[in-house]
>>> print(open('query_14.tsv').read())   # TSV, C-alpha atoms and all ligand atoms
chain	number	residue	atom	x	y	z
A	1	MET	CA	0.00	0.00	0.00
A	2	ILE	CA	1.23	3.49	-0.84
A	3	ILE	CA	1.26	5.66	2.27
A	4	SER	CA	0.38	9.31	1.90
A	5	ALA	CA	-0.23	12.17	4.31
A	6	GLN	CA	-2.29	15.23	3.57
A	7	LYS	CA	-0.41	18.48	3.06
A	8	GLU	CA	-1.14	21.36	5.45
A	9	PHE	CA	-4.34	23.06	4.32
A	10	GLU	CA	-2.51	26.42	4.04
A	11	GLU	CA	-0.10	24.88	1.51
A	12	ILE	CA	-3.01	23.45	-0.50
A	13	LEU	CA	-4.73	26.82	-0.44
A	14	ARG	CA	-1.55	28.57	-1.61
A	15	SER	CA	-1.31	26.22	-4.57
A	16	LEU	CA	-4.89	27.17	-5.55
A	17	GLU	CA	-4.57	30.91	-5.00
A	18	GLN	CA	-4.79	31.81	-8.72
A	19	GLU	CA	-7.90	29.69	-9.17
A	20	THR	CA	-11.51	29.95	-8.09
A	21	THR	CA	-13.22	26.81	-9.40
A	22	ILE	CA	-11.80	23.44	-8.44
A	23	PHE	CA	-12.68	19.82	-9.27
A	24	LEU	CA	-11.78	17.32	-6.53
A	25	VAL	CA	-10.45	13.84	-7.22
A	26	GLY	CA	-10.00	11.12	-4.61
A	27	CYS	CA	-8.88	7.50	-4.62
A	28	ASN	CA	-10.66	4.52	-3.16
A	29	GLY	CA	-7.45	2.52	-3.00
A	30	CYS	CA	-4.47	3.37	-0.79
A	31	ALA	CA	-5.57	6.99	-0.19
A	32	GLU	CA	-8.88	5.79	1.20
A	33	ALA	CA	-7.04	3.41	3.53
A	34	CYS	CA	-4.65	6.20	4.63
A	35	GLN	CA	-7.60	8.52	5.14
A	36	THR	CA	-6.08	11.10	2.84
A	37	GLY	CA	-8.31	10.87	-0.22
A	38	GLY	CA	-11.42	8.80	0.50
A	39	GLU	CA	-15.01	10.02	0.60
A	40	LYS	CA	-14.75	11.50	4.10
A	41	GLN	CA	-11.64	13.53	3.23
A	42	ILE	CA	-13.14	14.71	-0.09
A	43	LEU	CA	-16.23	15.99	1.73
A	44	LYS	CA	-14.08	17.69	4.36
A	45	MET	CA	-11.90	19.33	1.69
A	46	LEU	CA	-14.99	20.49	-0.18
A	47	GLU	CA	-16.29	22.14	2.97
A	48	LEU	CA	-12.95	23.80	3.79
A	49	LEU	CA	-12.44	25.13	0.27
A	50	GLU	CA	-15.98	26.48	0.02
A	51	ARG	CA	-15.41	28.23	3.32
A	52	GLU	CA	-12.40	29.92	1.67
A	53	GLY	CA	-14.60	31.16	-1.18
A	54	LYS	CA	-13.74	28.48	-3.74
A	55	THR	CA	-16.38	26.93	-5.99
A	56	ILE	CA	-16.25	23.16	-6.30
A	57	SER	CA	-17.48	22.24	-9.78
A	58	GLY	CA	-17.63	18.55	-8.89
A	59	SER	CA	-15.83	15.64	-7.32
A	60	LEU	CA	-15.03	12.07	-8.16
A	61	ILE	CA	-13.47	9.14	-6.34
A	62	VAL	CA	-11.79	6.59	-8.59
A	63	ASP	CA	-11.17	3.06	-7.33
A	64	PHE	CA	-7.49	3.08	-8.23
A	65	LEU	CA	-6.05	6.41	-9.23
A	66	CYS	CA	-2.87	4.74	-10.43
A	67	ASP	CA	-4.65	3.35	-13.52
A	68	LYS	CA	-4.70	5.91	-16.34
A	69	THR	CA	-7.30	4.03	-18.39
A	70	LEU	CA	-9.68	3.93	-15.44
A	71	ILE	CA	-9.12	7.61	-14.62
A	72	LYS	CA	-9.68	8.65	-18.22
A	73	VAL	CA	-12.95	6.69	-18.49
A	74	LYS	CA	-14.22	7.98	-15.15
A	75	LEU	CA	-13.22	11.61	-15.72
A	76	LYS	CA	-14.81	11.59	-19.18
A	77	ALA	CA	-18.22	11.21	-17.51
A	78	TYR	CA	-17.50	14.43	-15.56
A	79	GLU	CA	-16.19	16.41	-18.53
A	80	ALA	CA	-18.75	19.25	-18.19
A	81	GLN	CA	-17.75	19.83	-14.55
A	82	ILE	CA	-14.05	19.59	-15.37
A	83	ILE	CA	-14.39	22.13	-18.20
A	84	LYS	CA	-15.85	24.59	-15.66
A	85	ALA	CA	-12.93	24.05	-13.28
A	86	ASP	CA	-9.68	26.03	-13.33
A	87	SER	CA	-7.80	23.05	-11.96
A	88	LEU	CA	-8.06	19.66	-10.29
A	89	LEU	CA	-7.02	18.98	-6.70
A	90	VAL	CA	-5.99	15.35	-6.47
A	91	MET	CA	-6.02	13.72	-3.05
A	92	THR	CA	-3.77	10.72	-3.39
A	93	CYS	CA	-0.16	9.54	-3.80
A	94	GLY	CA	2.35	10.98	-6.27
A	95	ILE	CA	1.64	8.23	-8.77
A	96	GLY	CA	-2.10	8.97	-8.77
A	97	VAL	CA	-1.48	12.70	-9.21
A	98	GLN	CA	0.92	12.10	-12.11
A	99	ALA	CA	-1.43	9.59	-13.73
A	100	THR	CA	-4.29	12.12	-13.52
A	101	ALA	CA	-2.11	14.92	-14.91
A	102	ALA	CA	-1.21	12.70	-17.86
A	103	VAL	CA	-4.83	12.37	-19.01
A	104	VAL	CA	-6.24	15.85	-18.30
A	105	ASP	CA	-5.42	19.16	-20.02
A	106	LYS	CA	-5.81	21.18	-16.82
A	107	PRO	CA	-3.43	22.05	-13.98
A	108	VAL	CA	-3.40	19.28	-11.40
A	109	HIS	CA	-2.44	19.99	-7.79
A	110	PRO	CA	-1.29	17.39	-5.26
A	111	ALA	CA	-3.10	17.52	-1.91
A	112	CYS	CA	-0.82	14.89	-0.33
A	113	ASN	CA	2.80	14.00	0.24
A	114	THR	CA	3.84	10.44	-0.51
A	115	ILE	CA	5.88	9.13	2.37
A	116	ASN	CA	6.23	5.43	1.70
A	117	ILE	CA	5.55	3.17	-1.25
A	118	GLY	CA	5.09	0.20	1.06
A	119	GLY	CA	6.40	-2.31	-1.45
A	120	SER	CA	3.96	-1.49	-4.24
A	121	ARG	CA	4.02	1.13	-6.99
A	122	GLY	CA	0.33	1.28	-7.66
A	123	GLU	CA	-2.09	-1.41	-8.71
A	124	TRP	CA	-1.25	-0.84	-12.38
A	125	ARG	CA	2.29	-0.41	-13.59
A	126	GLY	CA	2.41	2.74	-15.66
A	127	GLU	CA	5.38	4.92	-16.46
A	128	GLU	CA	4.71	7.26	-13.51
A	129	ARG	CA	7.10	6.82	-10.61
A	130	CYS	CA	7.22	8.35	-7.15
A	131	ALA	CA	10.37	8.42	-5.01
A	132	GLU	CA	8.40	8.87	-1.75
A	133	CYS	CA	10.08	12.22	-1.09
A	134	GLY	CA	7.57	13.22	1.59
A	135	ASP	CA	7.09	16.73	0.19
A	136	CYS	CA	5.37	16.55	-3.19
A	137	LEU	CA	6.52	19.04	-5.84
A	138	LEU	CA	4.08	18.11	-8.61
A	139	ASP	CA	2.33	21.44	-8.22
A	140	PHE	CA	5.38	23.19	-9.70
A	141	THR	CA	6.18	20.75	-12.48
A	142	GLY	CA	2.96	20.23	-14.38
A	143	GLY	CA	2.25	16.96	-12.58
A	144	ILE	CA	5.47	15.26	-13.73
A	145	CYS	CA	7.79	14.17	-10.92
A	146	PRO	CA	11.23	15.78	-11.34
A	147	LEU	CA	12.80	13.31	-8.93
A	148	THR	CA	11.93	10.33	-11.09
A	149	ALA	CA	11.47	11.76	-14.61
A	150	CYS	CA	14.92	13.43	-14.52
A	151	THR	CA	17.76	10.94	-14.30
A	152	LYS	CA	19.61	13.19	-11.84
A	153	GLY	CA	16.47	14.05	-9.87
A	154	LEU	CA	16.99	17.78	-10.48
A	155	ILE	CA	14.23	19.95	-9.06
A	156	ASN	CA	15.09	23.40	-10.47
A	157	GLY	CA	15.50	22.82	-14.18
A	158	PRO	CA	17.64	20.79	-16.55
A	159	CYS	CA	21.34	20.03	-16.27
A	160	GLY	CA	22.30	21.28	-19.69
A	161	GLY	CA	23.24	17.86	-21.00
A	162	ALA	CA	20.02	17.27	-22.88
A	163	ALA	CA	20.06	17.24	-26.69
A	164	ASN	CA	17.02	17.08	-28.95
A	165	GLY	CA	14.79	16.49	-25.95
A	166	LYS	CA	16.71	13.38	-24.89
A	167	CYS	CA	18.55	12.79	-21.62
A	168	GLU	CA	22.35	12.75	-21.82
A	169	PHE	CA	22.15	9.33	-20.17
A	170	GLU	CA	20.88	6.77	-22.71
A	171	PRO	CA	19.72	9.39	-25.26
A	172	GLU	CA	18.53	6.62	-27.54
A	173	VAL	CA	15.79	5.56	-25.10
A	174	ARG	CA	15.37	8.22	-22.42
A	175	GLU	CA	13.46	11.50	-22.76
A	176	CYS	CA	14.82	14.46	-20.77
A	177	GLY	CA	12.44	14.76	-17.82
A	178	TRP	CA	12.80	18.53	-17.83
A	179	GLN	CA	11.90	18.70	-21.53
A	180	LEU	CA	8.68	16.84	-20.64
A	181	ILE	CA	8.02	19.22	-17.73
A	182	TYR	CA	8.67	22.24	-19.99
A	183	GLU	CA	6.26	20.94	-22.65
A	184	ARG	CA	3.56	20.16	-20.06
A	185	LEU	CA	3.86	23.62	-18.45
A	186	GLN	CA	3.73	25.23	-21.89
A	187	LYS	CA	0.55	23.29	-22.70
A	188	LEU	CA	-1.01	24.34	-19.37
A	189	LYS	CA	0.09	27.98	-19.88
A	190	GLN	CA	1.99	27.78	-16.59
A	191	MET	CA	5.44	28.80	-17.81
A	192	ASP	CA	5.69	31.22	-14.87
A	193	LYS	CA	6.21	28.16	-12.64
A	194	LEU	CA	9.64	27.70	-14.21
A	195	ALA	CA	10.75	30.95	-12.56
A	196	ILE	CA	10.03	29.63	-9.06
A	197	ILE	CA	13.23	28.46	-7.36
A	198	LEU	CA	12.46	25.58	-5.04
A	199	ASP	CA	14.34	25.18	-1.76
A	200	PRO	CA	16.89	22.36	-1.57
A	201	LYS	CA	15.12	19.11	-0.86
A	202	ASP	CA	14.97	18.00	2.75
A	203	TYR	CA	15.88	14.37	2.23
A	204	SER	CA	15.22	13.54	5.88
A	205	LYS	CA	11.54	13.56	4.87
A	206	MET	CA	12.26	10.47	2.78
A	207	GLN	CA	12.90	8.47	5.94
A	208	PRO	CA	9.89	6.42	7.05
A	209	PRO	CA	8.14	8.25	9.90
A	210	PRO	CA	8.27	6.72	13.40
A	211	TYR	CA	4.77	5.24	13.21
A	212	LEU	CA	5.77	3.22	10.14
A	213	ARG	CA	8.78	1.91	12.02
A	214	SER	CA	6.54	0.44	14.67
A	215	THR	CA	4.72	-2.09	12.50
A	216	VAL	CA	5.14	-5.85	12.92
A	217	MET	CA	6.66	-6.05	9.42
A	218	TRP	CA	9.25	-3.42	10.31
A	219	SER	CA	10.16	-5.26	13.52
A	220	LEU	CA	10.50	-8.54	11.63
A	221	GLU	CA	12.82	-6.88	9.11
A	222	GLN	CA	14.91	-5.41	11.93
A	223	ILE	CA	15.22	-8.87	13.51
A	224	ALA	CA	16.15	-10.37	10.12
A	225	GLU	CA	18.89	-7.75	9.69
A	226	GLU	CA	20.20	-8.18	13.21
A	227	THR	CA	20.36	-11.96	12.94
A	228	PRO	CA	22.03	-12.66	9.59
A	229	VAL	CA	22.31	-16.17	8.18
A	230	LYS	CA	25.77	-17.51	9.10
B	1	LIG	S1	7.56	15.04	-5.89
B	1	LIG	FE1	7.74	13.06	-6.88
B	1	LIG	S2	8.77	11.78	-5.34
B	1	LIG	FE2	7.92	13.54	-4.24
B	1	LIG	S3	5.89	12.81	-3.51
B	1	LIG	FE3	5.60	13.94	-5.48
B	1	LIG	S4	5.63	12.29	-7.05
B	1	LIG	FE4	6.53	11.44	-5.16
B	2	LIG	S1	19.41	15.55	-19.52
B	2	LIG	FE1	17.42	16.07	-18.59
B	2	LIG	S2	16.69	14.17	-17.61
B	2	LIG	FE2	18.85	13.91	-18.10
B	2	LIG	S3	19.90	14.43	-16.22
B	2	LIG	FE3	19.84	16.29	-17.48
B	2	LIG	S4	17.97	17.38	-16.89
B	2	LIG	FE4	17.80	15.32	-16.05
>>> encode(input="query_14.tsv", output="structure tokens")
Amino acid sequence: MIISAQKEFEEILRSLEQETTIFLVGCNGCAEACQTGGEKQILKMLELLEREGKTISGSLIVDFLCDKTLIKVKLKAYEAQIIKADSLLVMTCGIGVQATAAVVDKPVHPACNTINIGGSRGEWRGEERCAECGDCLLDFTGGICPLTACTKGLINGPCGGAANGKCEFEPEVRECGWQLIYERLQKLKQMDKLAIILDPKDYSKMQPPPYLRSTVMWSLEQIAEETPVK
């Protein structure tokens, strides 16, 4: 199960400050289990955003937000409400947010930070990857993860080694992640986001939080490490 935690409401609100009409998307898979993007949290978010003067054009909870085909089919039925919206607020893990961004021509904002993949990378294996950084940046990068789409995990633009849109590592097979981010931001008319300089990443947030270290599975792994096979 992919473990996520909701971002502070103030941070979510800041990411929506240019927008007035929002469409909410939740996930009935891991995010429901983590209580970050199930029905209860969607209703709560709707209430909080309306209190801040936002209009919610609609909401949808998809069974598994890591499956692009499923998202596309489900969102299609809500097209009229999505057209009215300035953006989508997606309440799930980094994979779900990226998968949603890949099938919608609207800005997509993450409402959660992914803190642990828990051994699984989504129910469906797509090309989206999340490095469980604990402080999701997808809001600034058009819904494409810079930590996984860029070979070097650069968060403030490309390295300068790209040529013809390909990464300097394996140019025959690998797109430059920052070329993809640039093209997505251009399509979304969000080129101003490229001017935002993000703070250096706090990699301590990638460490599993204490409550995850107190599970039975974690203890068993600790014992296994402490008692190696001789
Ligand atoms: S920025 Fe990337 S690694 Fe970090 S939570 Fe978002 S998708 Fe995952
Ligand atoms: S060429 Fe692009 S994807 Fe490759 S390391 Fe540089 S910025 Fe990252």
>>> residues_near_ligand(input="query_14.tsv", ligand="ligand LIG 2 (chain B)", cutoff="12 Å", atoms="only C-alpha atoms and all ligand atoms", output="PyMOL selection string")
chain A and resi 144-182
>>> residues_around(input="query_14.tsv", residues="range 35-50 of chain A", least_positions_apart="3", cutoff="6 Å", atoms="all atoms listed in the file", output="list in words")
Gln6, Gly26, Cys27, Asn28, Ala31, Glu32, Gly53, Lys54, Met91 and Thr92 of chain A
>>> closest_atom_pairs(input="query_14.tsv", of="chain A", to="ligand LIG 1 (chain B)", cutoff="10 Å", atoms="all atoms listed in the file", output="tab-separated table")
residue	atom	partner	partner_atom	distance
A:Ser4	CA	B:LIG1	S3	8.5
A:Ala5	CA	B:LIG1	S3	10.0
A:Thr92	CA	B:LIG1	S3	9.9
A:Cys93	CA	B:LIG1	S3	6.9
A:Gly94	CA	B:LIG1	S4	3.6
A:Ile95	CA	B:LIG1	S4	5.9
A:Gly96	CA	B:LIG1	S4	8.6
A:Val97	CA	B:LIG1	S4	7.4
A:Gln98	CA	B:LIG1	S4	6.9
A:Pro110	CA	B:LIG1	FE3	7.7
A:Cys112	CA	B:LIG1	S3	7.7
A:Asn113	CA	B:LIG1	S3	5.0
A:Thr114	CA	B:LIG1	S3	4.3
A:Ile115	CA	B:LIG1	S3	6.9
A:Asn116	CA	B:LIG1	S3	9.0
A:Ile117	CA	B:LIG1	FE4	9.2
A:Glu128	CA	B:LIG1	S4	8.2
A:Arg129	CA	B:LIG1	S4	6.7
A:Cys130	CA	B:LIG1	FE4	3.7
A:Ala131	CA	B:LIG1	S2	3.7
A:Glu132	CA	B:LIG1	S2	4.6
A:Cys133	CA	B:LIG1	FE2	4.0
A:Gly134	CA	B:LIG1	S3	5.4
A:Asp135	CA	B:LIG1	FE2	5.5
A:Cys136	CA	B:LIG1	FE3	3.5
A:Leu137	CA	B:LIG1	S1	4.1
A:Leu138	CA	B:LIG1	S1	5.4
A:Asp139	CA	B:LIG1	S1	8.6
A:Phe140	CA	B:LIG1	S1	9.3
A:Thr141	CA	B:LIG1	S1	8.8
A:Gly143	CA	B:LIG1	S4	8.0
A:Ile144	CA	B:LIG1	S4	7.3
A:Cys145	CA	B:LIG1	FE1	4.2
A:Pro146	CA	B:LIG1	FE1	6.3
A:Leu147	CA	B:LIG1	FE1	5.5
A:Thr148	CA	B:LIG1	FE1	6.5
A:Ala149	CA	B:LIG1	FE1	8.7
A:Gly153	CA	B:LIG1	S2	9.2
A:Ile155	CA	B:LIG1	S1	8.9
A:Lys201	CA	B:LIG1	FE2	9.7
A:Lys205	CA	B:LIG1	FE2	9.8
A:Met206	CA	B:LIG1	FE2	8.8
>>> atom_distance(input="query_14.tsv", atom1="CA of Gln18 in chain A", atom2="CA of Ile3 in chain A")
29.0 Å
>>> closest_residue(input="query_14.tsv", among="A:Leu75, A:Val216, A:Val104, A:Leu198", to="Arg184 in chain A", atoms="all atoms listed in the file")
A:Val104
>>> residues_around(input="query_14.tsv", residues="Asp67 in chain A", least_positions_apart="2", cutoff="12 Å", atoms="only C-alpha atoms", output="number ranges by chain")
A: 27, 29, 62-65, 69-74, 95-103, 121-128
>>> atom_distance(input="query_14.tsv", atom1="CA of Tyr203 in chain A", atom2="CA of Cys34 in chain A")
22.2 Å
>>> atom_distance(input="query_14.tsv", atom1="CA of Ala33 in chain A", atom2="CA of Cys66 in chain A")
14.6 Å
>>> closest_residue(input="query_14.tsv", among="A:Ile56, A:Ile2, A:Ile61, A:Thr21", to="Lys106 in chain A", atoms="only C-alpha atoms")
A:Thr21
>>> residues_near_point(input="query_14.tsv", point="(-17.7, 18.6, -17.5)", cutoff="12 Å", atoms="all atoms listed in the file", output="PyMOL selection string")
chain A and resi 22-23+57-60+74-86+104
>>> write_last_selection(input="query_14.tsv", atoms="C-alpha atoms", output="PDB file, keeping the file's coordinate frame")
ATOM      1  CA  ILE A  22     -11.800  23.440  -8.440  1.00  0.00           C
ATOM      2  CA  PHE A  23     -12.680  19.820  -9.270  1.00  0.00           C
ATOM      3  CA  SER A  57     -17.480  22.240  -9.780  1.00  0.00           C
ATOM      4  CA  GLY A  58     -17.630  18.550  -8.890  1.00  0.00           C
ATOM      5  CA  SER A  59     -15.830  15.640  -7.320  1.00  0.00           C
ATOM      6  CA  LEU A  60     -15.030  12.070  -8.160  1.00  0.00           C
ATOM      7  CA  LYS A  74     -14.220   7.980 -15.150  1.00  0.00           C
ATOM      8  CA  LEU A  75     -13.220  11.610 -15.720  1.00  0.00           C
ATOM      9  CA  LYS A  76     -14.810  11.590 -19.180  1.00  0.00           C
ATOM     10  CA  ALA A  77     -18.220  11.210 -17.510  1.00  0.00           C
ATOM     11  CA  TYR A  78     -17.500  14.430 -15.560  1.00  0.00           C
ATOM     12  CA  GLU A  79     -16.190  16.410 -18.530  1.00  0.00           C
ATOM     13  CA  ALA A  80     -18.750  19.250 -18.190  1.00  0.00           C
ATOM     14  CA  GLN A  81     -17.750  19.830 -14.550  1.00  0.00           C
ATOM     15  CA  ILE A  82     -14.050  19.590 -15.370  1.00  0.00           C
ATOM     16  CA  ILE A  83     -14.390  22.130 -18.200  1.00  0.00           C
ATOM     17  CA  LYS A  84     -15.850  24.590 -15.660  1.00  0.00           C
ATOM     18  CA  ALA A  85     -12.930  24.050 -13.280  1.00  0.00           C
ATOM     19  CA  ASP A  86      -9.680  26.030 -13.330  1.00  0.00           C
ATOM     20  CA  VAL A 104      -6.240  15.850 -18.300  1.00  0.00           C
TER      21      VAL A 104
END
